[in-house]
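Here's input.csv, which has CSV, C-alpha atoms and all ligand atoms:
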```csv
chain,number,residue,atom,x,y,z
A,1,MET,CA,4.9,24.8,4.7
A,2,ILE,CA,2.1,24.0,7.1
A,3,ILE,CA,-0.4,26.5,8.3
A,4,ASN,CA,-1.8,25.2,11.6
A,5,MET,CA,-5.2,26.6,12.3
A,6,HIS,CA,-6.5,27.4,15.8
A,7,GLU,CA,-9.0,25.0,17.3
A,8,GLY,CA,-12.4,26.4,16.4
A,9,ALA,CA,-11.1,28.3,13.3
A,10,THR,CA,-14.1,29.0,11.1
A,11,ASP,CA,-14.7,27.6,7.6
A,12,GLN,CA,-14.4,31.1,6.3
A,13,GLU,CA,-11.0,31.6,7.9
A,14,ILE,CA,-9.8,28.2,6.6
A,15,ASN,CA,-11.0,29.1,3.1
A,16,HIS,CA,-9.3,32.4,3.2
A,17,VAL,CA,-6.0,30.7,4.0
A,18,ILE,CA,-6.5,28.2,1.2
A,19,GLU,CA,-7.1,31.1,-1.2
A,20,ARG,CA,-4.0,32.9,-0.1
A,21,VAL,CA,-1.9,29.7,-0.4
A,22,ARG,CA,-3.0,29.4,-4.0
A,23,GLU,CA,-2.3,33.0,-4.7
A,24,ALA,CA,1.2,32.5,-3.4
A,25,GLY,CA,1.7,29.8,-6.1
A,26,TYR,CA,1.2,26.6,-4.1
A,27,GLN,CA,-1.3,23.8,-4.0
A,28,ALA,CA,-3.3,23.8,-0.8
A,29,HIS,CA,-4.2,20.4,0.9
A,30,VAL,CA,-6.5,20.6,3.9
A,31,THR,CA,-6.6,18.0,6.7
A,32,ARG,CA,-9.5,18.5,9.1
A,33,GLY,CA,-8.7,16.7,12.4
A,34,THR,CA,-11.1,16.3,15.3
A,35,GLU,CA,-9.5,19.3,17.0
A,36,ARG,CA,-8.1,21.5,14.4
A,37,ALA,CA,-7.4,21.9,10.7
A,38,ILE,CA,-4.0,21.9,9.0
A,39,VAL,CA,-3.5,23.5,5.6
A,40,ALA,CA,-0.4,22.2,3.8
A,41,ALA,CA,1.1,24.4,1.1
A,42,VAL,CA,3.1,22.2,-1.4
A,43,GLY,CA,4.7,22.7,-4.7
A,44,SER,CA,7.7,24.4,-6.1
A,45,GLY,CA,8.3,27.9,-7.3
A,46,GLY,CA,5.8,29.7,-5.0
A,47,ARG,CA,6.5,32.8,-2.9
A,48,ARG,CA,7.4,31.5,0.5
A,49,HIS,CA,7.3,34.8,2.2
A,50,GLU,CA,3.6,35.1,1.4
A,51,LEU,CA,3.0,31.9,3.3
A,52,GLU,CA,5.1,33.1,6.2
A,53,ALA,CA,3.0,36.2,6.4
A,54,LEU,CA,-0.2,34.1,6.9
A,55,ALA,CA,0.9,33.8,10.5
A,56,ALA,CA,-1.0,37.1,11.0
A,57,ALA,CA,-4.2,35.9,9.3
A,58,ALA,CA,-7.3,35.3,11.4
A,59,GLY,CA,-7.7,31.8,12.8
A,60,VAL,CA,-4.0,30.9,12.1
A,61,MET,CA,-2.0,29.4,15.1
A,62,ASP,CA,1.4,29.2,13.4
A,63,VAL,CA,3.2,28.6,10.1
A,64,VAL,CA,6.0,26.1,10.1
A,65,PRO,CA,8.1,24.4,7.5
A,66,ILE,CA,7.5,20.7,6.7
A,67,ALA,CA,10.5,18.9,8.1
A,68,GLN,CA,10.6,16.0,5.7
A,69,PRO,CA,11.1,15.9,1.9
A,70,PHE,CA,7.8,14.0,1.6
A,71,LYS,CA,5.0,16.3,2.5
A,72,LEU,CA,1.4,15.0,2.1
A,73,VAL,CA,2.5,11.6,3.1
A,74,SER,CA,4.0,12.8,6.4
A,75,ARG,CA,2.3,12.7,9.8
A,76,GLN,CA,3.2,16.3,10.3
A,77,VAL,CA,0.6,17.2,7.6
A,78,LYS,CA,-1.9,14.6,8.7
A,79,PRO,CA,-1.4,13.3,12.3
A,80,GLN,CA,-4.4,10.9,12.2
A,81,ARG,CA,-4.0,7.6,10.4
A,82,THR,CA,-5.4,7.1,6.9
A,83,VAL,CA,-8.0,4.3,6.4
A,84,VAL,CA,-8.0,3.0,2.8
A,85,ASN,CA,-11.3,1.5,1.7
A,86,VAL,CA,-11.0,-1.2,-0.9
A,87,SER,CA,-14.5,-2.0,-2.1
A,88,GLY,CA,-15.8,-2.1,1.4
A,89,VAL,CA,-12.8,-3.7,3.2
A,90,SER,CA,-10.9,-1.2,5.3
A,91,ILE,CA,-7.1,-1.2,5.6
A,92,GLY,CA,-5.6,0.9,8.4
A,93,ASP,CA,-8.6,1.2,10.6
A,94,GLY,CA,-7.1,-0.8,13.5
A,95,SER,CA,-8.1,-4.2,12.1
A,96,PHE,CA,-5.6,-6.5,10.5
A,97,ALA,CA,-6.0,-6.9,6.7
A,98,VAL,CA,-4.8,-10.1,5.1
A,99,ILE,CA,-4.3,-10.2,1.3
A,100,ALA,CA,-3.7,-13.8,0.2
A,101,GLY,CA,-3.6,-15.7,-3.0
A,102,PRO,CA,-1.4,-17.1,-5.7
A,103,CYS,CA,1.7,-15.2,-7.1
A,104,SER,CA,0.2,-15.7,-10.6
A,105,VAL,CA,-3.3,-16.6,-11.7
A,106,GLU,CA,-2.8,-19.9,-13.6
A,107,SER,CA,-6.2,-21.4,-14.1
A,108,ARG,CA,-9.9,-21.1,-13.1
A,109,GLU,CA,-9.6,-24.1,-10.8
A,110,GLN,CA,-6.4,-22.8,-9.2
A,111,LEU,CA,-7.8,-19.3,-8.5
A,112,PHE,CA,-11.3,-20.3,-7.4
A,113,SER,CA,-10.1,-23.0,-5.0
A,114,THR,CA,-7.5,-20.6,-3.5
A,115,ALA,CA,-10.1,-17.9,-3.0
A,116,LYS,CA,-12.4,-20.4,-1.2
A,117,ALA,CA,-9.6,-21.6,1.0
A,118,VAL,CA,-8.1,-18.3,2.0
A,119,LYS,CA,-11.6,-16.8,2.6
A,120,ALA,CA,-12.5,-19.7,4.9
A,121,ALA,CA,-9.2,-19.1,6.8
A,122,GLY,CA,-10.0,-15.4,7.3
A,123,ALA,CA,-8.3,-13.5,4.5
A,124,THR,CA,-10.0,-10.2,3.7
A,125,LEU,CA,-8.7,-9.6,0.2
A,126,LEU,CA,-7.5,-11.9,-2.7
A,127,ARG,CA,-4.3,-11.4,-4.7
A,128,GLY,CA,-3.3,-12.9,-8.0
A,129,GLY,CA,-0.8,-11.7,-10.7
A,130,ALA,CA,-2.0,-11.2,-14.3
A,131,TYR,CA,1.0,-9.3,-15.6
A,132,LYS,CA,4.1,-10.6,-14.0
A,133,PRO,CA,7.5,-8.8,-13.6
A,134,ARG,CA,9.9,-11.8,-14.1
A,135,THR,CA,13.6,-11.5,-13.8
A,136,SER,CA,14.1,-13.7,-16.9
A,137,PRO,CA,12.1,-13.2,-20.2
A,138,TYR,CA,11.9,-17.0,-20.5
A,139,GLU,CA,9.9,-17.4,-17.3
A,140,PHE,CA,6.0,-17.4,-17.1
A,141,GLN,CA,4.8,-13.9,-17.8
A,142,GLY,CA,1.2,-14.2,-16.6
A,143,LEU,CA,-2.1,-14.8,-18.4
A,144,GLY,CA,-2.8,-11.1,-18.9
A,145,LEU,CA,-6.4,-10.3,-19.8
A,146,GLU,CA,-7.6,-13.9,-19.3
A,147,ALA,CA,-6.3,-13.6,-15.7
A,148,LEU,CA,-8.1,-10.3,-15.2
A,149,ARG,CA,-11.4,-11.8,-16.3
A,150,LEU,CA,-11.0,-14.7,-13.9
A,151,LEU,CA,-10.2,-12.2,-11.1
A,152,ARG,CA,-13.3,-10.2,-11.8
A,153,GLU,CA,-15.4,-13.4,-11.8
A,154,VAL,CA,-13.9,-14.8,-8.6
A,155,ARG,CA,-14.5,-11.5,-6.9
A,156,GLU,CA,-18.2,-11.7,-7.7
A,157,GLN,CA,-18.3,-15.3,-6.5
A,158,SER,CA,-16.3,-15.0,-3.3
A,159,GLY,CA,-17.0,-11.4,-2.4
A,160,LEU,CA,-13.3,-10.8,-1.8
A,161,PRO,CA,-11.9,-7.6,-3.3
A,162,VAL,CA,-9.0,-8.4,-5.7
A,163,VAL,CA,-5.5,-7.0,-5.9
A,164,THR,CA,-3.3,-7.4,-9.0
A,165,GLU,CA,-0.1,-5.8,-10.2
A,166,VAL,CA,0.0,-3.1,-12.9
A,167,MET,CA,3.3,-2.9,-14.7
A,168,SER,CA,2.6,-0.4,-17.5
A,169,THR,CA,0.6,2.8,-18.0
A,170,GLU,CA,-1.0,1.0,-21.0
A,171,ASP,CA,-2.7,-1.5,-18.8
A,172,VAL,CA,-4.1,0.9,-16.2
A,173,ASP,CA,-7.6,1.3,-17.7
A,174,VAL,CA,-8.2,-2.4,-18.2
A,175,ILE,CA,-6.9,-3.3,-14.8
A,176,CYS,CA,-9.1,-0.6,-13.2
A,177,ASP,CA,-12.1,-2.2,-14.9
A,178,HIS,CA,-11.3,-5.7,-13.4
A,179,ALA,CA,-9.6,-5.2,-10.0
A,180,ASP,CA,-10.3,-3.4,-6.7
A,181,MET,CA,-6.8,-2.4,-5.9
A,182,LEU,CA,-3.7,-2.0,-8.1
A,183,GLN,CA,-0.3,-3.2,-6.9
A,184,VAL,CA,2.8,-1.3,-7.9
A,185,GLY,CA,5.5,-3.9,-7.7
A,186,ALA,CA,8.9,-3.4,-6.1
A,187,ARG,CA,10.6,-3.1,-9.5
A,188,ASN,CA,8.3,-0.2,-10.5
A,189,MET,CA,8.3,1.7,-7.2
A,190,GLN,CA,10.1,4.6,-9.0
A,191,ASN,CA,8.4,4.3,-12.3
A,192,PHE,CA,7.2,7.9,-12.1
A,193,ALA,CA,5.2,7.9,-15.3
A,194,LEU,CA,3.2,4.9,-13.8
A,195,LEU,CA,2.8,6.6,-10.5
A,196,ARG,CA,1.5,9.8,-12.1
A,197,ARG,CA,-1.0,7.9,-14.2
A,198,LEU,CA,-2.2,6.0,-11.1
A,199,ALA,CA,-2.6,9.2,-9.2
A,200,SER,CA,-5.3,10.2,-11.6
A,201,THR,CA,-7.3,7.0,-11.1
A,202,LYS,CA,-8.3,7.4,-7.4
A,203,LYS,CA,-8.2,3.6,-7.2
A,204,PRO,CA,-6.6,2.1,-4.0
A,205,ILE,CA,-2.9,1.5,-4.7
A,206,LEU,CA,-0.6,-1.0,-2.9
A,207,LEU,CA,2.9,0.5,-3.2
A,208,LYS,CA,5.6,-2.0,-2.6
A,209,ARG,CA,9.0,-0.9,-1.4
A,210,GLY,CA,11.7,-1.2,-4.1
A,211,PRO,CA,14.4,-3.8,-3.3
A,212,SER,CA,17.1,-1.1,-3.0
A,213,ALA,CA,14.9,1.8,-1.9
A,214,SER,CA,15.4,3.8,1.3
A,215,VAL,CA,12.4,4.5,3.4
A,216,LYS,CA,12.6,8.1,2.2
A,217,GLU,CA,12.6,7.1,-1.4
A,218,TRP,CA,9.6,4.8,-0.8
A,219,LEU,CA,7.6,7.6,0.9
A,220,LEU,CA,8.6,10.0,-1.9
A,221,ALA,CA,7.2,7.5,-4.4
A,222,ALA,CA,3.9,7.5,-2.3
A,223,GLU,CA,4.1,11.3,-2.4
A,224,TYR,CA,3.7,11.2,-6.2
A,225,LEU,CA,0.4,9.4,-5.8
A,226,LEU,CA,-0.9,11.8,-3.1
A,227,ALA,CA,0.3,14.9,-4.8
A,228,GLY,CA,-1.4,13.7,-8.0
A,229,GLY,CA,-4.7,13.5,-6.2
A,230,ASN,CA,-4.9,9.9,-5.1
A,231,PRO,CA,-4.9,9.6,-1.2
A,232,ASN,CA,-5.8,5.8,-1.3
A,233,VAL,CA,-2.3,4.4,-0.8
A,234,VAL,CA,-1.2,1.4,1.3
A,235,LEU,CA,2.5,0.8,1.7
A,236,CYS,CA,4.0,-2.7,1.6
A,237,GLU,CA,7.4,-3.7,3.0
A,238,ARG,CA,8.5,-6.8,0.9
A,239,GLY,CA,12.1,-7.1,1.8
A,240,ILE,CA,15.3,-5.4,0.5
A,241,LYS,CA,18.6,-6.6,-1.0
A,242,THR,CA,21.3,-7.1,1.6
A,243,PHE,CA,24.5,-9.2,1.7
A,244,GLU,CA,22.5,-12.1,3.1
A,245,THR,CA,21.8,-14.8,0.5
A,246,GLU,CA,20.2,-17.5,2.7
A,247,THR,CA,16.9,-15.5,2.5
A,248,ARG,CA,15.6,-14.2,-0.9
A,249,ASN,CA,15.3,-10.7,0.6
A,250,THR,CA,15.7,-9.2,4.0
A,251,LEU,CA,12.3,-8.3,5.4
A,252,ASP,CA,13.0,-5.0,7.0
A,253,LEU,CA,10.5,-4.8,9.9
A,254,ALA,CA,12.2,-1.8,11.4
A,255,SER,CA,11.6,0.2,8.3
A,256,LEU,CA,7.9,-1.0,8.4
A,257,ALA,CA,7.6,0.4,11.9
A,258,LEU,CA,9.5,3.6,10.8
A,259,ALA,CA,7.2,4.1,7.8
A,260,ARG,CA,4.2,4.0,10.2
A,261,GLU,CA,5.9,6.5,12.4
A,262,LEU,CA,6.8,8.9,9.6
A,263,SER,CA,3.6,8.5,7.6
A,264,HIS,CA,-0.1,8.3,8.3
A,265,LEU,CA,-0.6,5.7,5.4
A,266,PRO,CA,-1.3,2.1,6.3
A,267,VAL,CA,1.7,-0.2,6.0
A,268,ILE,CA,1.6,-4.0,5.5
A,269,ALA,CA,4.3,-6.7,5.4
A,270,ASP,CA,4.9,-9.3,2.6
A,271,PRO,CA,6.8,-12.1,4.3
A,272,SER,CA,6.6,-14.3,1.2
A,273,HIS,CA,8.8,-12.1,-1.0
A,274,GLY,CA,10.5,-10.8,2.1
A,275,THR,CA,12.0,-14.1,3.1
A,276,GLY,CA,11.5,-16.5,0.1
A,277,ARG,CA,11.1,-19.3,2.7
A,278,PRO,CA,7.8,-20.9,3.8
A,279,THR,CA,9.1,-21.7,7.2
A,280,LEU,CA,9.8,-18.0,7.9
A,281,ILE,CA,6.5,-16.7,6.8
A,282,THR,CA,4.6,-17.5,10.0
A,283,PRO,CA,7.2,-16.1,12.4
A,284,MET,CA,7.7,-13.0,10.4
A,285,SER,CA,3.9,-12.5,10.0
A,286,ARG,CA,3.6,-12.8,13.8
A,287,ALA,CA,6.4,-10.3,14.3
A,288,ALA,CA,4.7,-7.8,11.9
A,289,ALA,CA,1.4,-8.3,13.7
A,290,ALA,CA,3.0,-7.7,17.1
A,291,LEU,CA,4.7,-4.5,16.0
A,292,GLY,CA,1.6,-2.9,14.7
A,293,ALA,CA,1.6,-3.6,10.9
A,294,ASP,CA,-1.8,-2.9,9.3
A,295,GLY,CA,-1.8,-6.3,7.6
A,296,LEU,CA,-0.1,-8.8,5.4
A,297,MET,CA,0.3,-10.0,1.9
A,298,VAL,CA,0.9,-13.7,1.6
A,299,GLU,CA,1.3,-16.0,-1.4
A,300,VAL,CA,-0.9,-19.1,-1.2
A,301,HIS,CA,-1.1,-21.9,-3.8
A,302,PRO,CA,-3.1,-25.2,-3.9
A,303,CYS,CA,0.0,-27.1,-4.8
A,304,PRO,CA,3.2,-24.9,-4.3
A,305,GLU,CA,5.4,-27.5,-6.1
A,306,ARG,CA,3.4,-27.0,-9.3
A,307,ALA,CA,3.2,-23.2,-9.2
A,308,LEU,CA,4.3,-21.4,-12.3
A,309,SER,CA,5.9,-18.6,-10.2
A,310,ASP,CA,7.1,-18.3,-6.6
A,311,GLY,CA,6.2,-21.8,-5.6
A,312,PRO,CA,9.1,-22.2,-3.2
A,313,GLN,CA,7.8,-19.4,-1.1
A,314,SER,CA,4.1,-20.2,-1.3
A,315,LEU,CA,2.0,-21.7,1.5
A,316,ASP,CA,-0.5,-24.4,0.8
A,317,PHE,CA,-4.0,-24.2,2.2
A,318,THR,CA,-3.1,-25.9,5.5
A,319,GLY,CA,0.0,-23.8,6.0
A,320,PHE,CA,-2.1,-20.6,5.4
A,321,SER,CA,-4.8,-21.6,7.9
A,322,HIS,CA,-2.1,-22.3,10.5
A,323,LEU,CA,-0.6,-18.9,9.8
A,324,MET,CA,-4.0,-17.2,10.3
A,325,ARG,CA,-4.6,-19.0,13.6
A,326,SER,CA,-1.1,-18.1,14.8
A,327,LEU,CA,-1.9,-14.4,14.5
A,328,ALA,CA,-4.5,-14.3,17.3
A,329,GLU,CA,-1.9,-14.1,20.0
A,330,PRO,CA,0.4,-11.3,18.7
A,331,LEU,CA,-2.6,-9.3,17.6
A,332,ARG,CA,-4.1,-9.6,21.0
A,333,ALA,CA,-0.8,-8.5,22.6
A,334,ASN,CA,-0.8,-5.5,20.3
A,335,GLY,CA,-4.4,-4.7,21.0
A,336,THR,CA,-5.5,-5.1,17.3
A,337,ALA,CA,-8.9,-6.4,16.3
A,338,SER,CA,-8.9,-9.1,13.7
A,339,ALA,CA,-11.9,-10.8,12.2
A,340,ALA,CA,-9.7,-13.6,11.0
A,341,ALA,CA,-7.9,-14.2,14.3
A,342,ALA,CA,-11.1,-13.9,16.3
A,343,ASP,CA,-12.7,-16.9,14.4
B,1,LIG,C1,4.4,-10.3,-6.4
B,1,LIG,O1,3.7,-9.7,-5.5
B,1,LIG,O2,4.2,-11.4,-6.9
B,1,LIG,C2,5.7,-9.6,-6.8
B,1,LIG,C3,6.2,-9.7,-8.0
B,1,LIG,O3,6.1,-8.8,-5.8
B,1,LIG,P1,7.4,-7.8,-5.7
B,1,LIG,O4,7.1,-6.7,-6.6
B,1,LIG,O5,7.4,-7.4,-4.3
B,1,LIG,O6,8.6,-8.6,-6.1
B,2,MN,MN,5.3,-13.5,-6.3
```

Can you present the structure in this file as structure tokens?
Ligand code: PEP
Ligand code: MN
Amino acid sequence: MIINMHEGATDQEINHVIERVREAGYQAHVTRGTERAIVAAVGSGGRRHELEALAAAAGVMDVVPIAQPFKLVSRQVKPQRTVVNVSGVSIGDGSFAVIAGPCSVESREQLFSTAKAVKAAGATLLRGGAYKPRTSPYEFQGLGLEALRLLREVREQSGLPVVTEVMSTEDVDVICDHADMLQVGARNMQNFALLRRLASTKKPILLKRGPSASVKEWLLAAEYLLAGGNPNVVLCERGIKTFETETRNTLDLASLALARELSHLPVIADPSHGTGRPTLITPMSRAAAALGADGLMVEVHPCPERALSDGPQSLDFTGFSHLMRSLAEPLRANGTASAAAAD
């Protein structure tokens, strides 16, 4: 349930409502907007009639049910958009964040040269996989701790915050020590033990949509993070499985737009995994920019044909710099500011 406070409700009135929500057996989450505060009562097993009775409390405008199964993630609970701060770089503040880098960290030279090139082209964050979720156990699994050390080093040198995937609860602490943002990969979107553990870290999380997940399931996965106390969540549409086999996945831009409509969390597009085809990355990125996405995640490799993972969908440095330049027009049309595109 949502308890909408009147404009000008006092702190005392808001605190009283919070207290009563807790007494009724729910968690209370407060959103203070520019005009008025909203108290969301979430949880199970509470006494709903006690919440309904709060309609009569001082400072309360009305008490209404939350329409969606996801609660804290919904715009009904928080109408204003969330801005996630990743070590000084904002995602969701109206700028266009670009996370670029190799699918996997393979060597110092590969990572450092990519960081330099993507930064020069205007990327705002660097990505690189250390622990890789590969379909076959015989494929390259990532350099693990060695890759994490390189990521920490390249962050110091380049100044770009780094994003890397966490696959297991066991690796959470060590990855938190080395990276600025933790990616939950598509295959782990509904790994609830992992989500619960990540909720307790407060680190920014990039939550990819599962290949077969509905928008509702995706937002409910995000709800685990928010309900567990971590509001720093960015959603990433990375393509879903459909009958089409000419593309690796179907980048579902309608769902990206819908997720931004239903939720206050920032949403970015990953056209690399979303299409699997380098020629489609720029057009799909432009489309994402035009429809109001909060940014992109793009795979970039110094020599895609030699990449140990996802080479066929990776851009080289020239391709990435073309992509960045091509964003200026759709971002202007959409009224979005972009440091990269303004260069
Ligand atoms: C990746 O980002 O390299 C990756 C494995 O992504 P996804 O989980 O979307 O497949
Ligand atoms: Mn990849």

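Put simply, CA of Pro65 in chain A is 18.3 Å away from CA of Ile14 in chain A.
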
Can you report as JSON the centre and edge lengths in Å, to one decimal, of an axis-aligned box around the listed atoms of range 303-306 of chain A padded with 4 Å on each side?
```
{"center_x": 2.7, "center_y": -26.2, "center_z": -6.8, "size_x": 13.4, "size_y": 10.6, "size_z": 13.0}
```

Using all atoms listed in the file, determine which residues fall within 10 Å of ligand LIG 1 (chain B), then list them as a VMD selection string. chain A and resid 101 to 104 127 to 135 163 to 165 167 183 to 189 207 to 211 236 to 240 249 270 to 274 297 to 299 309 to 310

Would you output that residue set with C-alpha atoms, as a compact mmCIF listing (two decimals), in the frame of the given file?
```
# COMPACT_ATOMS: atom_id res chain seq x y z
CA GLY A 101 -3.60 -15.70 -3.00
CA PRO A 102 -1.40 -17.10 -5.70
CA CYS A 103 1.70 -15.20 -7.10
CA SER A 104 0.20 -15.70 -10.60
CA ARG A 127 -4.30 -11.40 -4.70
CA GLY A 128 -3.30 -12.90 -8.00
CA GLY A 129 -0.80 -11.70 -10.70
CA ALA A 130 -2.00 -11.20 -14.30
CA TYR A 131 1.00 -9.30 -15.60
CA LYS A 132 4.10 -10.60 -14.00
CA PRO A 133 7.50 -8.80 -13.60
CA ARG A 134 9.90 -11.80 -14.10
CA THR A 135 13.60 -11.50 -13.80
CA VAL A 163 -5.50 -7.00 -5.90
CA THR A 164 -3.30 -7.40 -9.00
CA GLU A 165 -0.10 -5.80 -10.20
CA MET A 167 3.30 -2.90 -14.70
CA GLN A 183 -0.30 -3.20 -6.90
CA VAL A 184 2.80 -1.30 -7.90
CA GLY A 185 5.50 -3.90 -7.70
CA ALA A 186 8.90 -3.40 -6.10
CA ARG A 187 10.60 -3.10 -9.50
CA ASN A 188 8.30 -0.20 -10.50
CA MET A 189 8.30 1.70 -7.20
CA LEU A 207 2.90 0.50 -3.20
CA LYS A 208 5.60 -2.00 -2.60
CA ARG A 209 9.00 -0.90 -1.40
CA GLY A 210 11.70 -1.20 -4.10
CA PRO A 211 14.40 -3.80 -3.30
CA CYS A 236 4.00 -2.70 1.60
CA GLU A 237 7.40 -3.70 3.00
CA ARG A 238 8.50 -6.80 0.90
CA GLY A 239 12.10 -7.10 1.80
CA ILE A 240 15.30 -5.40 0.50
CA ASN A 249 15.30 -10.70 0.60
CA ASP A 270 4.90 -9.30 2.60
CA PRO A 271 6.80 -12.10 4.30
CA SER A 272 6.60 -14.30 1.20
CA HIS A 273 8.80 -12.10 -1.00
CA GLY A 274 10.50 -10.80 2.10
CA MET A 297 0.30 -10.00 1.90
CA VAL A 298 0.90 -13.70 1.60
CA GLU A 299 1.30 -16.00 -1.40
CA SER A 309 5.90 -18.60 -10.20
CA ASP A 310 7.10 -18.30 -6.60
```

Once you count only C-alpha atoms, which residues end up no further than 8 Å from (-2.0, -23.1, -2.8) in the file's frame, shown as a compact mmCIF listing (two decimals) with C-alpha atoms, in the coordinates of the input?
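Contents of out33.txt, as written:
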```
# COMPACT_ATOMS: atom_id res chain seq x y z
CA GLY A 101 -3.60 -15.70 -3.00
CA PRO A 102 -1.40 -17.10 -5.70
CA GLN A 110 -6.40 -22.80 -9.20
CA THR A 114 -7.50 -20.60 -3.50
CA GLU A 299 1.30 -16.00 -1.40
CA VAL A 300 -0.90 -19.10 -1.20
CA HIS A 301 -1.10 -21.90 -3.80
CA PRO A 302 -3.10 -25.20 -3.90
CA CYS A 303 0.00 -27.10 -4.80
CA PRO A 304 3.20 -24.90 -4.30
CA SER A 314 4.10 -20.20 -1.30
CA LEU A 315 2.00 -21.70 1.50
CA ASP A 316 -0.50 -24.40 0.80
CA PHE A 317 -4.00 -24.20 2.20
```

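Distances to ligand MN 2 (chain B) were evaluated for A:Ala288, A:Ala213, A:Val63, A:Ala100 using all atoms listed in the file, and the minimum falls at A:Ala100.
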
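Among the candidate residues A:Met324, A:Ser87, A:Thr318, A:Gly311, the one lying nearest to ligand MN 2 (chain B) is A:Gly311, with distances computed using all atoms listed in the file.
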
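Across the structure, CA of Val89 in chain A and CA of Pro161 in chain A are spaced 7.6 Å apart.
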
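Checking A:Pro283, A:Gly276, A:Gly228, A:Gly159 one by one against ligand MN 2 (chain B), counting all atoms listed in the file, you find the shortest gap at A:Gly276.
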
Of A:Gly295, A:Pro79, A:Pro137, A:Gly92, the one sitting nearest Ala123 in chain A when using only C-alpha atoms is A:Gly295

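Take the candidates A:Gly25, A:Gly335, A:Gly122, A:Gly8 and check each one against Ile99 in chain A using all atoms listed in the file; the shortest distance goes to A:Gly122.
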
CA of Gly229 in chain A and CA of Ala9 in chain A are how many Å apart? 25.3 Å

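With all atoms listed in the file as the atoms that count, the residue of A:Ile175, A:Ala307, A:Val267, A:Ala222 with the shortest distance to ligand MN 2 (chain B) is A:Ala307.
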
As a PyMOL selection string, please: the residues near range 44-56 of chain A (cut-off 12 Å, all atoms listed in the file, same-chain neighbours under 3 positions excluded). chain A and resi 1-6+13-14+16-28+39-41+59-65
